[in-house]
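Scroll down for the structure; my scribbles are underneath it.
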Amino acid sequence: MLEEVKQAYEQRDLQKLDALAVPTYRKLNKKQNFRSVLMLSCNNIKHLSKIETLEADCIMLNLEDGVAKEEKPFALALCAIFLSRLKECDKKLVVRVNALDEGGYGEITYLNQFMPDAIRVPKIKTPKEVRSVDSLLNDDIELHLSIETAAAWHNLTSLHVAKRVNTFYLGILDLFADMGLSQTLVNVENPMIHYMLSHFLVSCRAMGVKPVSFVYQEYKNLEMFQKWLELERLMGYDAKGCIAPNQVTLVNEMFVDKEAEIKRAKIIVKLFEMHRDEGITGFVDEEYGFIDEPIYKGALNLLK
């Protein structure tokens, strides 16, 4: 099927792509302990086809920034196709639609039938807008918000209009642009940035919302990225947006929950040894996924 998708896309045959997007029931990923959120543009089939092998805990299927206007209809169809192919996925699959007044409402209506784990709405401003999306969105899909406008920052604590509004992403560059602030102020030593990160985190936690820290655009500057991670971990963050696999690796290492990892390793060891006694050395556990001897040995090493 993948070759058929590639061919239709290369031929710019939107009608054929739409026909390949089959509405489906997906087993939704409800986990909230994701650390790394990797952005993937939905018009890149090569990247979409690698979703299952990526290190990231959460994949942000992007229809907004980075997707040219003429590419957006194709990106939407490809997003739907890959959602329908991934009926169950250990990564959280979130779709970032376009701004509500730039086609977002229509995209949400269309995507309801393909059941992403969550929809992320950019450029949100008011509780009224959030309620309008909440009423439109399939009841089982989570609703995530980008905090990247001056109005959203001002209304931050009033945007949690429903229980499923459970994750906020800090879009600091867009927020600064909307506030008329220079992006040069985004400096790891700037006390104003410390205040903004702290305010965002504490406000989110007080509402029971997961705060995801901003994407650092200079993806080759891993030394500075590491400094941001150290600051954010010190503040209490446990998740960050990423635009490159090497960023994902650092996020996963920095935000590891050691107690949870030890608990997980103990359970994997116990499960493997129980199955091994029955002559089974490779199996799938509903909660911990595929477990075989290398996974078992890795868990033993962690416990040591």
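The way I read the labels, and the way they are meant: chains A, B, ... in the order of the structure tokens, residue 1 as the first residue of every chain, and ligand 1 as the first ligand shown, with later ones counted on from there.
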Q: Skip range 262-275 of chain A itself and residues of its chain fewer than 5 positions away, then list as a PyMOL selection string all residues within 12 Å of it, counting only C-alpha atoms.
A: chain A and resi 256-257+280-304
Selection to disk with N, CA and C atoms, as a PDB file, in the first residue's frame:
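Written file, again.pdb:
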ATOM      1  N   VAL A 256      14.158  11.249  32.174  1.00  0.00           N
ATOM      2  CA  VAL A 256      13.842   9.889  32.594  1.00  0.00           C
ATOM      3  C   VAL A 256      13.378   9.887  34.051  1.00  0.00           C
ATOM      4  N   ASP A 257      12.330   9.134  34.321  1.00  0.00           N
ATOM      5  CA  ASP A 257      11.825   8.951  35.682  1.00  0.00           C
ATOM      6  C   ASP A 257      12.466   7.675  36.222  1.00  0.00           C
ATOM      7  N   ILE A 280       8.594 -19.881  26.509  1.00  0.00           N
ATOM      8  CA  ILE A 280       8.315 -18.731  25.633  1.00  0.00           C
ATOM      9  C   ILE A 280       9.328 -17.628  25.931  1.00  0.00           C
ATOM     10  N   THR A 281      10.076 -17.237  24.910  1.00  0.00           N
ATOM     11  CA  THR A 281      11.103 -16.205  25.121  1.00  0.00           C
ATOM     12  C   THR A 281      10.856 -14.945  24.286  1.00  0.00           C
ATOM     13  N   GLY A 282       9.686 -14.848  23.692  1.00  0.00           N
ATOM     14  CA  GLY A 282       9.297 -13.641  22.968  1.00  0.00           C
ATOM     15  C   GLY A 282       7.781 -13.506  22.976  1.00  0.00           C
ATOM     16  N   PHE A 283       7.272 -12.414  23.502  1.00  0.00           N
ATOM     17  CA  PHE A 283       5.821 -12.248  23.637  1.00  0.00           C
ATOM     18  C   PHE A 283       5.480 -10.764  23.725  1.00  0.00           C
ATOM     19  N   VAL A 284       4.207 -10.476  23.566  1.00  0.00           N
ATOM     20  CA  VAL A 284       3.727  -9.093  23.646  1.00  0.00           C
ATOM     21  C   VAL A 284       2.875  -8.938  24.899  1.00  0.00           C
ATOM     22  N   ASP A 285       3.261  -7.977  25.736  1.00  0.00           N
ATOM     23  CA  ASP A 285       2.474  -7.635  26.916  1.00  0.00           C
ATOM     24  C   ASP A 285       1.631  -6.405  26.589  1.00  0.00           C
ATOM     25  N   GLU A 286       0.388  -6.411  27.049  1.00  0.00           N
ATOM     26  CA  GLU A 286      -0.545  -5.330  26.710  1.00  0.00           C
ATOM     27  C   GLU A 286      -0.032  -3.966  27.153  1.00  0.00           C
ATOM     28  N   GLU A 287       0.648  -3.900  28.299  1.00  0.00           N
ATOM     29  CA  GLU A 287       1.123  -2.618  28.820  1.00  0.00           C
ATOM     30  C   GLU A 287       2.559  -2.309  28.431  1.00  0.00           C
ATOM     31  N   TYR A 288       3.442  -3.331  28.394  1.00  0.00           N
ATOM     32  CA  TYR A 288       4.877  -3.090  28.208  1.00  0.00           C
ATOM     33  C   TYR A 288       5.379  -3.425  26.806  1.00  0.00           C
ATOM     34  N   GLY A 289       4.475  -3.844  25.931  1.00  0.00           N
ATOM     35  CA  GLY A 289       4.839  -4.095  24.552  1.00  0.00           C
ATOM     36  C   GLY A 289       5.616  -5.392  24.369  1.00  0.00           C
ATOM     37  N   PHE A 290       6.410  -5.466  23.289  1.00  0.00           N
ATOM     38  CA  PHE A 290       7.150  -6.694  22.967  1.00  0.00           C
ATOM     39  C   PHE A 290       8.321  -6.879  23.932  1.00  0.00           C
ATOM     40  N   ILE A 291       8.417  -8.085  24.481  1.00  0.00           N
ATOM     41  CA  ILE A 291       9.500  -8.423  25.414  1.00  0.00           C
ATOM     42  C   ILE A 291      10.182  -9.697  24.919  1.00  0.00           C
ATOM     43  N   ASP A 292      11.506  -9.604  24.738  1.00  0.00           N
ATOM     44  CA  ASP A 292      12.283 -10.793  24.390  1.00  0.00           C
ATOM     45  C   ASP A 292      13.555 -10.803  25.232  1.00  0.00           C
ATOM     46  N   GLU A 293      14.497 -11.677  24.922  1.00  0.00           N
ATOM     47  CA  GLU A 293      15.692 -11.817  25.765  1.00  0.00           C
ATOM     48  C   GLU A 293      16.541 -10.547  25.827  1.00  0.00           C
ATOM     49  N   PRO A 294      16.769  -9.842  24.692  1.00  0.00           N
ATOM     50  CA  PRO A 294      17.534  -8.589  24.794  1.00  0.00           C
ATOM     51  C   PRO A 294      16.857  -7.548  25.679  1.00  0.00           C
ATOM     52  N   ILE A 295      15.535  -7.451  25.596  1.00  0.00           N
ATOM     53  CA  ILE A 295      14.803  -6.518  26.452  1.00  0.00           C
ATOM     54  C   ILE A 295      14.970  -6.936  27.920  1.00  0.00           C
ATOM     55  N   TYR A 296      14.878  -8.222  28.156  1.00  0.00           N
ATOM     56  CA  TYR A 296      15.044  -8.787  29.508  1.00  0.00           C
ATOM     57  C   TYR A 296      16.444  -8.474  30.059  1.00  0.00           C
ATOM     58  N   LYS A 297      17.470  -8.680  29.232  1.00  0.00           N
ATOM     59  CA  LYS A 297      18.832  -8.412  29.681  1.00  0.00           C
ATOM     60  C   LYS A 297      19.042  -6.921  29.958  1.00  0.00           C
ATOM     61  N   GLY A 298      18.424  -6.086  29.138  1.00  0.00           N
ATOM     62  CA  GLY A 298      18.514  -4.653  29.371  1.00  0.00           C
ATOM     63  C   GLY A 298      17.900  -4.267  30.698  1.00  0.00           C
ATOM     64  N   ALA A 299      16.775  -4.896  31.033  1.00  0.00           N
ATOM     65  CA  ALA A 299      16.120  -4.622  32.313  1.00  0.00           C
ATOM     66  C   ALA A 299      16.989  -5.107  33.472  1.00  0.00           C
ATOM     67  N   LEU A 300      17.619  -6.252  33.314  1.00  0.00           N
ATOM     68  CA  LEU A 300      18.530  -6.758  34.364  1.00  0.00           C
ATOM     69  C   LEU A 300      19.694  -5.804  34.580  1.00  0.00           C
ATOM     70  N   ASN A 301      20.267  -5.317  33.501  1.00  0.00           N
ATOM     71  CA  ASN A 301      21.391  -4.380  33.608  1.00  0.00           C
ATOM     72  C   ASN A 301      20.995  -3.104  34.330  1.00  0.00           C
ATOM     73  N   LEU A 302      19.788  -2.620  34.046  1.00  0.00           N
ATOM     74  CA  LEU A 302      19.308  -1.412  34.714  1.00  0.00           C
ATOM     75  C   LEU A 302      19.177  -1.637  36.217  1.00  0.00           C
ATOM     76  N   LEU A 303      18.679  -2.795  36.602  1.00  0.00           N
ATOM     77  CA  LEU A 303      18.500  -3.098  38.027  1.00  0.00           C
ATOM     78  C   LEU A 303      19.838  -3.261  38.738  1.00  0.00           C
ATOM     79  N   LYS A 304      20.853  -3.703  37.994  1.00  0.00           N
ATOM     80  CA  LYS A 304      22.181  -3.833  38.585  1.00  0.00           C
ATOM     81  C   LYS A 304      22.808  -2.475  38.851  1.00  0.00           C
TER      82      LYS A 304
END
Q: Considering only C-alpha atoms, return as a PyMOL selection string whatever protein or nucleic-acid residues lie within 12 Å of range 184-186 of chain A, sequence-local ones (same chain, fewer than 3 positions apart) excluded.
A: chain A and resi 171-177+180-181+189-197+214-217+224+228
Could the residues of range 199-304 of chain A that have an atom at most 6 Å from range 37-46 of chain A be listed as JSON lines, each with its closest atom pair and the distance in Å to one decimal, counting only C-alpha atoms and ordered by chain and ascending residue number?
{"residue": "A:Gly241", "atom": "CA", "partner": "A:Val37", "partner_atom": "CA", "distance": 4.6}
{"residue": "A:Cys242", "atom": "CA", "partner": "A:Leu38", "partner_atom": "CA", "distance": 4.7}
{"residue": "A:Ile243", "atom": "CA", "partner": "A:Met39", "partner_atom": "CA", "distance": 5.3}
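Every protein, DNA or RNA residue with an atom at most 9 Å from range 54-59 of chain A, where only C-alpha atoms count and chain neighbours fewer than 6 positions away do not, is listed here: Asn33, Phe34, Arg35, Ser36, Val37, Leu38, Met39, Leu40, Asp90, Lys91, Lys92, Leu93, Val94, Val95, Cys242, Pro245, Val248, Thr249 and Asn252 of chain A.
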Q: Have a look at A:Ser203, A:Thr167, A:Thr109, A:Thr53 and name the one nearest to Lys31 in chain A; count only C-alpha atoms.
A: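 Looking only at the distances to Lys31 in chain A, the closest residue turns out to be A:Thr167.
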Q) Residues at most 10 Å from range 8-12 of chain A, counting only C-alpha atoms, excluding those fewer than 6 positions away in the same chain, as a ChimeraX atom specification? A) /A:2,18,20,43,45,71,74-75,77-78
Q: Write down as a ChimeraX atom specification the residues belonging to range 69-128 of chain A that are assigned helix (DSSP H, G or I) by DSSP computed on the backbone.
A: /A:69-85,100-102,104-114,127-128
Q: From a DSSP pass on the backbone, collect the residues of range 23-192 of chain A flagged as strand (DSSP E) and hand them back as a ChimeraX atom specification.
A: /A:36-41,58-62,92-96,118-121,142-147,165-170
Q: Could you check which of A:Met179, A:Ala206, A:Leu159, A:Val97 is closest to Lys125 in chain A, using only C-alpha atoms?
A: A:Leu159
With a distance cut-off of 9 Å and only C-alpha atoms, select the neighbouring residues of Lys220 in chain A, excluding the residue or stretch itself and same-chain residues fewer than 3 positions from it, and output the selection as a PDB file with N, CA and C atoms, in the first residue's frame.
ATOM      1  N   GLN A 217      15.022  25.766  18.063  1.00  0.00           N
ATOM      2  CA  GLN A 217      15.155  25.673  16.616  1.00  0.00           C
ATOM      3  C   GLN A 217      16.562  25.323  16.137  1.00  0.00           C
ATOM      4  N   GLU A 223      24.841  21.487  22.495  1.00  0.00           N
ATOM      5  CA  GLU A 223      25.383  21.974  23.767  1.00  0.00           C
ATOM      6  C   GLU A 223      24.406  22.958  24.424  1.00  0.00           C
ATOM      7  N   PHE A 225      21.197  23.194  23.660  1.00  0.00           N
ATOM      8  CA  PHE A 225      19.973  22.434  23.909  1.00  0.00           C
ATOM      9  C   PHE A 225      20.056  21.724  25.255  1.00  0.00           C
ATOM     10  N   ALA A 244      14.358  17.282  15.780  1.00  0.00           N
ATOM     11  CA  ALA A 244      15.388  16.393  15.239  1.00  0.00           C
ATOM     12  C   ALA A 244      15.574  15.199  16.172  1.00  0.00           C
ATOM     13  N   ASN A 246      18.262  13.742  17.228  1.00  0.00           N
ATOM     14  CA  ASN A 246      19.293  13.885  18.262  1.00  0.00           C
ATOM     15  C   ASN A 246      18.773  14.679  19.460  1.00  0.00           C
ATOM     16  N   GLN A 247      17.832  15.582  19.229  1.00  0.00           N
ATOM     17  CA  GLN A 247      17.186  16.277  20.345  1.00  0.00           C
ATOM     18  C   GLN A 247      16.336  15.301  21.162  1.00  0.00           C
TER      19      GLN A 247
END
Q | Interatomic distance, CA of Tyr237 in chain A to CA of Arg120 in chain A (Å, one decimal) | A | 19.4 Å
